[in-house]
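Novice: Below: one structure in structure tokens.
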Amino acid sequence: MKYNDLSQALAKLDQIEATAAAYGHAMGLLATDAATAAPTDSYEGRGRTMEVLSGVVYNLVADPENKDLLFYLEEHRAELDRFRLRQVELLRKQVDQLSRIPQEEYVAYSVLLNEADGVWCKAKNNNDFASFAPFLEKIVNYNRKFAGYYNPSLSPYDALLNEYEEGLNMQTLDAFFSQLRTALVPLIHAIGEKQQIDDSFLKRNYPIEQQEKFSDYLMQVMEIDPTRCTLAETEHPFTNGFNSHDVRITTHYYENDVANSMYSVIHEGGHALYELGGDEANDYTSIQGGASMSIHESQSRFYENIVGRSLEFVELIFPKMQELFPKQLKDVTAEQVYRAVNKAQPSLIRTEADELTYCLHIMVRYELEKQLIDGTLQVKDLPAAWNKMYQEYLGVEVPNDSQGCLQDSHWSGGMIGYFPSYALGSAYGAQMKVFMEQDIGPIAQLISKGELNKITAWLKEHIHRYGQLYKPGELFEMSCGKFDAKYYTDYLTEKYSKLYNL
Ligand code: ZN
């Protein structure tokens, strides 16, 4: 179709974006419902609906007329503001990519993922890797194939990494992880020689009913607006943001581990603040949402670790903790809780790992994903490879696949190339802290006074409000300068040297 003027073309762009946002909203709600409220055997009907909806989205983006539209808008780029330019850039990327993926494959993949999630969940509960393996094999094959569609000029794993973090590649990650290894492995060894911190009181019986009240309180402390964000319980905690007025977060409660859900809520709460802090103008457009997975993780892990695992934060919330759990915490001080939630000890489960050994879990997944995608590792050999690496990197014996390669939902969700975002996000967060403090002073003092809103305001001003208006690297450099992993290794070294008197 021919466009007569710019306003006509922009109206068409708006229509595409509003439609895509509406379908995204509907599919996101289906996915949220699947994890929170839907009966276990409901996947078939949901699969059919997903098939129809994702087919519509496919057609919306793959519509040959979009090429004319993009051509027209790109010709008139001088007349477009940054917001419009970025919308055009994002649509261009989608159109180019999607037009390379055959529709049957795109739809079949969505259906596969919907089914795989249920299969993974059962496999994890029954410690039955064999039942999940055929699904994972298909998912790996699809990802390898899609990588070629995404960006045929890159190696497949680099192309997948780029889907989550524009510009990221194995070369950067290999260097980043090796920098972390050099700084952190000696630190972890030195801690291994020291007397270990007692955290046994965190594993007493904490009734779930009380933990639910604790979650509400934590969300209050973080000033998460309950009229725009709700909390549910799922197997694996997550955040789903639809617009700046509708964000869903989840947690998982363990009766004998109060810190587990506590830090899930704070982590997902950090994601939620990001989604809630986007400019309203971003809503129902492609600009809505986070700049990238790493930037998203920088926000969640900033709250979880830099704020949530600080002495000042624990002191701030301790009176409420004691009120909710008087018996469990009667012989415990805030300082003891602070030390306990920062206990560093190599372990099996990534989501329960301490701030220091966490990166090693990511390195394992990174190495295995590289091998799965380049074909040097077969899916059937994954459990053995996983267990071997946990022994090598963390020095722990993996007793079963439920606590091993079946522990995370990422692969069943098709997210290959995502894990490095967590480590990168943590490193981004440490650098943000330094630049934030140049503007608003030591955050420890703000946390002590319960003024978390000042921290959130800084993040909103520099990160949240922009949504996807800038590329992740660009956005980060605007407020924090060039990325340097040293901020992160320095932060960890200082914190853990003090904790363990090294
Ligand atoms: Zn997260």
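For the structure tokens, the naming scheme is as follows: chains receive sequential letters (A, B, ...) according to their order of presentation, residues are indexed from 1 within each chain, and ligands are indexed from 1 in presentation order.
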Give me the residues within 7 Å of A:Glu137 as a list in words, counting only C-alpha atoms and dropping any in the same chain fewer than 4 places off.
Specialist: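 The neighbour list is Ala133, Asn141 and Val379 of chain A.
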Novice: Based on the selection just made, write all heavy atoms of those residues as a PDB file, in the first residue's frame.
Specialist:
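Once written, part_14.pdb looks like this:
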```pdb
ATOM      1  N   ALA A 133      13.280 -35.127  28.262  1.00  0.00           N
ATOM      2  CA  ALA A 133      14.363 -35.074  27.269  1.00  0.00           C
ATOM      3  C   ALA A 133      13.893 -34.875  25.825  1.00  0.00           C
ATOM      4  O   ALA A 133      14.450 -34.031  25.113  1.00  0.00           O
ATOM      5  CB  ALA A 133      15.249 -36.314  27.393  1.00  0.00           C
ATOM      6  N   ASN A 141      16.729 -27.938  19.166  1.00  0.00           N
ATOM      7  CA  ASN A 141      16.767 -27.917  17.694  1.00  0.00           C
ATOM      8  C   ASN A 141      16.099 -26.672  17.121  1.00  0.00           C
ATOM      9  O   ASN A 141      16.625 -26.051  16.195  1.00  0.00           O
ATOM     10  CB  ASN A 141      16.102 -29.169  17.113  1.00  0.00           C
ATOM     11  CG  ASN A 141      16.951 -30.407  17.360  1.00  0.00           C
ATOM     12  OD1 ASN A 141      18.169 -30.291  17.575  1.00  0.00           O
ATOM     13  ND2 ASN A 141      16.347 -31.571  17.350  1.00  0.00           N
ATOM     14  N   VAL A 379      21.380 -33.905  24.308  1.00  0.00           N
ATOM     15  CA  VAL A 379      20.448 -33.729  25.419  1.00  0.00           C
ATOM     16  C   VAL A 379      20.484 -34.927  26.377  1.00  0.00           C
ATOM     17  O   VAL A 379      20.446 -34.767  27.596  1.00  0.00           O
ATOM     18  CB  VAL A 379      19.017 -33.477  24.893  1.00  0.00           C
ATOM     19  CG1 VAL A 379      17.987 -33.637  26.004  1.00  0.00           C
ATOM     20  CG2 VAL A 379      18.928 -32.077  24.290  1.00  0.00           C
TER      21      VAL A 379
END
```
Novice: Would you name the residues within 7 Å of ligand 1, counting only C-alpha atoms and all ligand atoms, and put them as a list of chain:residue names?
Specialist: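 For ligand 1, the residues inside 7 Å are A:Phe238, A:His267, A:Glu268, A:His271, A:Glu297, A:Ser300.
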Novice: Keeping only N, CA, C and O atoms, take the residues you just selected and write them out as an mmCIF file, in the first residue's frame.
Specialist:
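In the end it all went to out36.cif:
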```cif
data_model
loop_
_atom_site.group_PDB
_atom_site.id
_atom_site.type_symbol
_atom_site.label_atom_id
_atom_site.label_comp_id
_atom_site.auth_asym_id
_atom_site.auth_seq_id
_atom_site.Cartn_x
_atom_site.Cartn_y
_atom_site.Cartn_z
ATOM 1 N N PHE A 238 8.167 -15.665 39.212
ATOM 2 C CA PHE A 238 8.387 -14.863 37.999
ATOM 3 C C PHE A 238 7.629 -13.552 38.071
ATOM 4 O O PHE A 238 6.816 -13.344 38.985
ATOM 5 N N HIS A 267 13.149 -9.865 44.941
ATOM 6 C CA HIS A 267 13.682 -9.958 43.576
ATOM 7 C C HIS A 267 12.593 -9.622 42.543
ATOM 8 O O HIS A 267 12.774 -8.728 41.708
ATOM 9 N N GLU A 268 11.478 -10.320 42.641
ATOM 10 C CA GLU A 268 10.404 -10.072 41.673
ATOM 11 C C GLU A 268 9.843 -8.661 41.866
ATOM 12 O O GLU A 268 9.419 -8.016 40.906
ATOM 13 N N HIS A 271 11.769 -6.389 39.753
ATOM 14 C CA HIS A 271 11.268 -6.447 38.366
ATOM 15 C C HIS A 271 9.982 -5.629 38.240
ATOM 16 O O HIS A 271 9.776 -4.901 37.269
ATOM 17 N N GLU A 297 17.255 -7.805 35.013
ATOM 18 C CA GLU A 297 17.878 -8.507 36.142
ATOM 19 C C GLU A 297 18.691 -7.550 37.012
ATOM 20 O O GLU A 297 18.846 -7.771 38.208
ATOM 21 N N SER A 300 16.100 -6.306 39.506
ATOM 22 C CA SER A 300 15.647 -7.281 40.500
ATOM 23 C C SER A 300 16.776 -7.637 41.461
ATOM 24 O O SER A 300 16.570 -7.734 42.668
#
```
Novice: Just want the 9 Å neighbourhood of stretch 76-92 of chain A, counted on only C-alpha atoms, with same-chain residues fewer than 6 positions away dropped. Output as a PyMOL selection string.
Specialist: chain A and resi 6+10+13+17+61+66-67+70+282+285-287+468-470
Novice: Output N, CA and C atoms for every residue in that selection, as a JSON list (two decimals), in the first residue's frame.
Specialist:
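Once everything was written out, this is part.json:
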```
[["chain", "number", "residue", "atom", "x", "y", "z"],
["A", 6, "LEU", "N", 2.62, 11.34, 6.35],
["A", 6, "LEU", "CA", 3.24, 10.73, 7.52],
["A", 6, "LEU", "C", 2.20, 10.32, 8.57],
["A", 10, "LEU", "N", 1.86, 6.79, 10.41],
["A", 10, "LEU", "CA", 1.99, 6.65, 11.87],
["A", 10, "LEU", "C", 0.72, 6.04, 12.47],
["A", 13, "LEU", "N", 1.09, 2.44, 12.02],
["A", 13, "LEU", "CA", 2.06, 1.93, 13.00],
["A", 13, "LEU", "C", 1.39, 1.78, 14.37],
["A", 17, "GLU", "N", 0.88, -1.62, 16.61],
["A", 17, "GLU", "CA", 1.42, -1.73, 17.97],
["A", 17, "GLU", "C", 0.32, -2.00, 18.99],
["A", 61, "VAL", "N", 2.75, -9.24, 12.22],
["A", 61, "VAL", "CA", 4.12, -8.77, 12.00],
["A", 61, "VAL", "C", 4.63, -9.15, 10.61],
["A", 66, "ASN", "N", 3.74, -4.45, 5.80],
["A", 66, "ASN", "CA", 4.62, -3.79, 6.77],
["A", 66, "ASN", "C", 5.91, -3.32, 6.10],
["A", 67, "LYS", "N", 6.31, -4.02, 5.06],
["A", 67, "LYS", "CA", 7.55, -3.62, 4.37],
["A", 67, "LYS", "C", 7.38, -2.24, 3.75],
["A", 70, "LEU", "N", 7.31, 0.31, 6.64],
["A", 70, "LEU", "CA", 8.65, 0.58, 7.18],
["A", 70, "LEU", "C", 9.48, 1.38, 6.19],
["A", 282, "ASN", "N", 4.57, 4.83, 27.14],
["A", 282, "ASN", "CA", 5.10, 3.58, 26.58],
["A", 282, "ASN", "C", 4.04, 2.49, 26.50],
["A", 285, "THR", "N", 2.52, 0.16, 23.50],
["A", 285, "THR", "CA", 3.43, 0.29, 22.35],
["A", 285, "THR", "C", 4.59, -0.68, 22.55],
["A", 286, "SER", "N", 5.44, -0.79, 21.54],
["A", 286, "SER", "CA", 6.59, -1.69, 21.64],
["A", 286, "SER", "C", 7.65, -1.14, 22.60],
["A", 287, "ILE", "N", 7.51, 0.12, 23.03],
["A", 287, "ILE", "CA", 8.50, 0.72, 23.94],
["A", 287, "ILE", "C", 8.27, 0.23, 25.38],
["A", 468, "GLN", "N", 11.87, 0.58, 26.51],
["A", 468, "GLN", "CA", 12.81, 0.09, 25.50],
["A", 468, "GLN", "C", 13.28, 1.20, 24.55],
["A", 469, "LEU", "N", 13.17, 2.44, 25.03],
["A", 469, "LEU", "CA", 13.50, 3.56, 24.15],
["A", 469, "LEU", "C", 14.96, 3.54, 23.69],
["A", 470, "TYR", "N", 15.82, 3.02, 24.54],
["A", 470, "TYR", "CA", 17.24, 2.92, 24.16],
["A", 470, "TYR", "C", 17.67, 1.46, 24.15]]
```
Novice: What are the DSSP strand (DSSP E) residues of stretch 153-305 of chain A, as a PyMOL selection string?
Specialist: chain A and resi 229-233+239-243+246-251
Novice: What's the separation between atom CA of A:Tyr488 and atom CA of A:Leu180, in Å to one decimal place?
Specialist: 8.7 Å
Novice: Leaving out A:Leu202 and any residue of its chain fewer than 6 positions from it, which residues lie within 9 Å of it when counting only C-alpha atoms, given as an MDAnalysis selection string?
Specialist: chainID A and resid 256:259 328:329 337 340:341
Novice: Write out as a list in words the residues lying within 9 Å of A:Gln196, counting only C-alpha atoms and excluding same-chain residues fewer than 3 positions away.
Specialist: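 Selected residues are Ile191, Gly192, Glu193, Lys343, Ala344, Gln345 and Tyr500 of chain A.
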Novice: Keeping only N, CA, C and O atoms, write those residues as a tab-separated table (two decimals), in the first residue's frame.
Specialist:
```tsv
chain	number	residue	atom	x	y	z
A	191	ILE	N	36.80	-18.34	52.11
A	191	ILE	CA	35.63	-18.45	52.99
A	191	ILE	C	35.44	-19.89	53.47
A	191	ILE	O	35.09	-20.14	54.62
A	192	GLY	N	35.76	-20.82	52.56
A	192	GLY	CA	35.65	-22.25	52.89
A	192	GLY	C	36.53	-22.63	54.08
A	192	GLY	O	36.25	-23.60	54.80
A	193	GLU	N	37.61	-21.88	54.31
A	193	GLU	CA	38.53	-22.16	55.42
A	193	GLU	C	38.01	-21.59	56.74
A	193	GLU	O	38.50	-21.94	57.80
A	343	LYS	N	25.18	-15.89	54.13
A	343	LYS	CA	26.07	-17.04	54.24
A	343	LYS	C	26.47	-17.51	52.84
A	343	LYS	O	25.61	-17.73	51.98
A	344	ALA	N	27.76	-17.62	52.62
A	344	ALA	CA	28.24	-18.05	51.30
A	344	ALA	C	28.69	-19.50	51.37
A	344	ALA	O	29.60	-19.83	52.13
A	345	GLN	N	28.03	-20.33	50.61
A	345	GLN	CA	28.37	-21.75	50.61
A	345	GLN	C	27.91	-22.37	49.29
A	345	GLN	O	26.74	-22.26	48.94
A	500	TYR	N	33.28	-12.25	56.56
A	500	TYR	CA	34.02	-13.44	57.00
A	500	TYR	C	35.38	-13.09	57.61
A	500	TYR	O	36.23	-13.97	57.76
```
Novice: Counting only C-alpha atoms, what is within 12 Å of A:Glu104, bar same-chain residues fewer than 2 positions away, as a list in words?
Specialist: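 The residues satisfying every condition are Glu51, Val52, Ser54, Gly55, Tyr58, Asn59, Leu98, Arg100, Ile101, Pro102, Tyr106, Val107, Ala108, Tyr109, Ser110, Val111 and Leu112 of chain A.
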Novice: Write the residues you've just listed into a file as a PDB file, in the first residue's frame, and include N, CA and C atoms for each of them.
Specialist:
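What ended up in again36.pdb:
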```
ATOM      1  N   GLU A  51      -2.294 -21.263  19.976  1.00  0.00           N
ATOM      2  CA  GLU A  51      -1.999 -21.510  18.567  1.00  0.00           C
ATOM      3  C   GLU A  51      -2.696 -20.452  17.703  1.00  0.00           C
ATOM      4  N   VAL A  52      -3.971 -20.206  18.016  1.00  0.00           N
ATOM      5  CA  VAL A  52      -4.729 -19.214  17.242  1.00  0.00           C
ATOM      6  C   VAL A  52      -4.143 -17.815  17.441  1.00  0.00           C
ATOM      7  N   SER A  54      -1.148 -16.840  18.601  1.00  0.00           N
ATOM      8  CA  SER A  54       0.201 -16.582  18.096  1.00  0.00           C
ATOM      9  C   SER A  54       0.204 -16.551  16.574  1.00  0.00           C
ATOM     10  N   GLY A  55      -0.756 -17.278  15.957  1.00  0.00           N
ATOM     11  CA  GLY A  55      -0.893 -17.193  14.506  1.00  0.00           C
ATOM     12  C   GLY A  55      -1.285 -15.780  14.069  1.00  0.00           C
ATOM     13  N   TYR A  58       1.676 -13.528  14.460  1.00  0.00           N
ATOM     14  CA  TYR A  58       2.614 -13.805  13.369  1.00  0.00           C
ATOM     15  C   TYR A  58       2.191 -13.042  12.108  1.00  0.00           C
ATOM     16  N   ASN A  59       0.911 -13.178  11.776  1.00  0.00           N
ATOM     17  CA  ASN A  59       0.422 -12.517  10.562  1.00  0.00           C
ATOM     18  C   ASN A  59       0.509 -10.995  10.651  1.00  0.00           C
ATOM     19  N   LEU A  98      11.004 -12.257  11.618  1.00  0.00           N
ATOM     20  CA  LEU A  98       9.841 -13.119  11.483  1.00  0.00           C
ATOM     21  C   LEU A  98       9.612 -13.538  10.038  1.00  0.00           C
ATOM     22  N   ARG A 100      11.651 -14.408   8.163  1.00  0.00           N
ATOM     23  CA  ARG A 100      12.533 -15.537   7.868  1.00  0.00           C
ATOM     24  C   ARG A 100      12.051 -16.829   8.516  1.00  0.00           C
ATOM     25  N   ILE A 101      11.179 -16.710   9.547  1.00  0.00           N
ATOM     26  CA  ILE A 101      10.693 -17.931  10.204  1.00  0.00           C
ATOM     27  C   ILE A 101       9.388 -18.372   9.554  1.00  0.00           C
ATOM     28  N   PRO A 102       9.356 -19.598   8.977  1.00  0.00           N
ATOM     29  CA  PRO A 102       8.105 -20.079   8.384  1.00  0.00           C
ATOM     30  C   PRO A 102       7.006 -20.149   9.443  1.00  0.00           C
ATOM     31  N   TYR A 106       6.857 -21.336  13.505  1.00  0.00           N
ATOM     32  CA  TYR A 106       6.622 -20.375  14.584  1.00  0.00           C
ATOM     33  C   TYR A 106       5.489 -20.839  15.485  1.00  0.00           C
ATOM     34  N   VAL A 107       4.385 -21.256  14.850  1.00  0.00           N
ATOM     35  CA  VAL A 107       3.218 -21.688  15.610  1.00  0.00           C
ATOM     36  C   VAL A 107       3.511 -23.005  16.322  1.00  0.00           C
ATOM     37  N   ALA A 108       4.145 -23.941  15.610  1.00  0.00           N
ATOM     38  CA  ALA A 108       4.448 -25.244  16.216  1.00  0.00           C
ATOM     39  C   ALA A 108       5.345 -25.064  17.441  1.00  0.00           C
ATOM     40  N   TYR A 109       6.237 -24.097  17.368  1.00  0.00           N
ATOM     41  CA  TYR A 109       7.144 -23.842  18.490  1.00  0.00           C
ATOM     42  C   TYR A 109       6.368 -23.325  19.711  1.00  0.00           C
ATOM     43  N   SER A 110       5.437 -22.404  19.503  1.00  0.00           N
ATOM     44  CA  SER A 110       4.629 -21.895  20.623  1.00  0.00           C
ATOM     45  C   SER A 110       3.844 -23.022  21.278  1.00  0.00           C
ATOM     46  N   VAL A 111       3.303 -23.906  20.442  1.00  0.00           N
ATOM     47  CA  VAL A 111       2.525 -25.027  20.970  1.00  0.00           C
ATOM     48  C   VAL A 111       3.441 -25.961  21.776  1.00  0.00           C
ATOM     49  N   LEU A 112       4.627 -26.227  21.207  1.00  0.00           N
ATOM     50  CA  LEU A 112       5.598 -27.087  21.888  1.00  0.00           C
ATOM     51  C   LEU A 112       5.937 -26.531  23.272  1.00  0.00           C
TER      52      LEU A 112
END
```
Novice: Pick out the residues sitting within 9 Å of A:Pro156, and hand them over as a PyMOL selection string; count only C-alpha atoms, and ignore anything fewer than 6 positions along from it in its own chain.
Specialist: chain A and resi 143-148+150+373-374
Novice: Find, counting only C-alpha atoms, the residue in A:Asn243, A:His236, A:Tyr253, A:Tyr142 that gets nearest to A:Pro207.
Specialist: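 Answer, going by the shortest atom-to-atom distance: A:Tyr253.
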Novice: From the list A:Ile208, A:Ile295, A:Ala232, A:Val119, which residue is nearest A:Asp33 when using only C-alpha atoms?
Specialist: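 Of the candidates, the smallest distance to A:Asp33 is held by A:Ala232.
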Novice: Report as JSON lines the residues of stretch 154-180 of chain A within 12 Å of stretch 356-369 of chain A, each with its shortest atom pair and distance in Å (one decimal), using only C-alpha atoms, ordered by chain and increasing residue number.
Specialist:
```
{"residue": "A:Pro156", "atom": "CA", "partner": "A:Glu369", "partner_atom": "CA", "distance": 10.9}
{"residue": "A:Tyr157", "atom": "CA", "partner": "A:Glu369", "partner_atom": "CA", "distance": 8.1}
{"residue": "A:Asp158", "atom": "CA", "partner": "A:Glu369", "partner_atom": "CA", "distance": 11.1}
{"residue": "A:Leu160", "atom": "CA", "partner": "A:Glu369", "partner_atom": "CA", "distance": 10.4}
{"residue": "A:Leu161", "atom": "CA", "partner": "A:Tyr366", "partner_atom": "CA", "distance": 10.4}
{"residue": "A:Asn169", "atom": "CA", "partner": "A:Tyr366", "partner_atom": "CA", "distance": 11.7}
{"residue": "A:Met170", "atom": "CA", "partner": "A:Tyr366", "partner_atom": "CA", "distance": 9.5}
{"residue": "A:Leu173", "atom": "CA", "partner": "A:Tyr366", "partner_atom": "CA", "distance": 9.1}
{"residue": "A:Asp174", "atom": "CA", "partner": "A:Met363", "partner_atom": "CA", "distance": 9.5}
{"residue": "A:Ala175", "atom": "CA", "partner": "A:Met363", "partner_atom": "CA", "distance": 11.9}
{"residue": "A:Phe176", "atom": "CA", "partner": "A:Met363", "partner_atom": "CA", "distance": 10.4}
{"residue": "A:Phe177", "atom": "CA", "partner": "A:Met363", "partner_atom": "CA", "distance": 7.1}
{"residue": "A:Ser178", "atom": "CA", "partner": "A:Met363", "partner_atom": "CA", "distance": 9.6}
{"residue": "A:Gln179", "atom": "CA", "partner": "A:Cys359", "partner_atom": "CA", "distance": 11.4}
{"residue": "A:Leu180", "atom": "CA", "partner": "A:Cys359", "partner_atom": "CA", "distance": 8.0}
```
Novice: Could you tell me how far atom CA of A:Ser261 lies from atom CA of A:Glu397, in Å and to one decimal?
Specialist: 24.8 Å
Novice: Which one is closest to A:Gly417: A:Lys370, A:Lys388, A:Lys138, A:Lys124? Count only C-alpha atoms.
Specialist: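 Ranking A:Lys370, A:Lys388, A:Lys138, A:Lys124 by distance to A:Gly417, first place goes to A:Lys370.
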Novice: Taking only C-alpha atoms into account, name the residue in A:Arg309, A:Lys449, A:Lys203, A:Lys194 that is nearest to A:Glu355.
Specialist: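 Under the stated criterion, the closest residue is A:Arg309.
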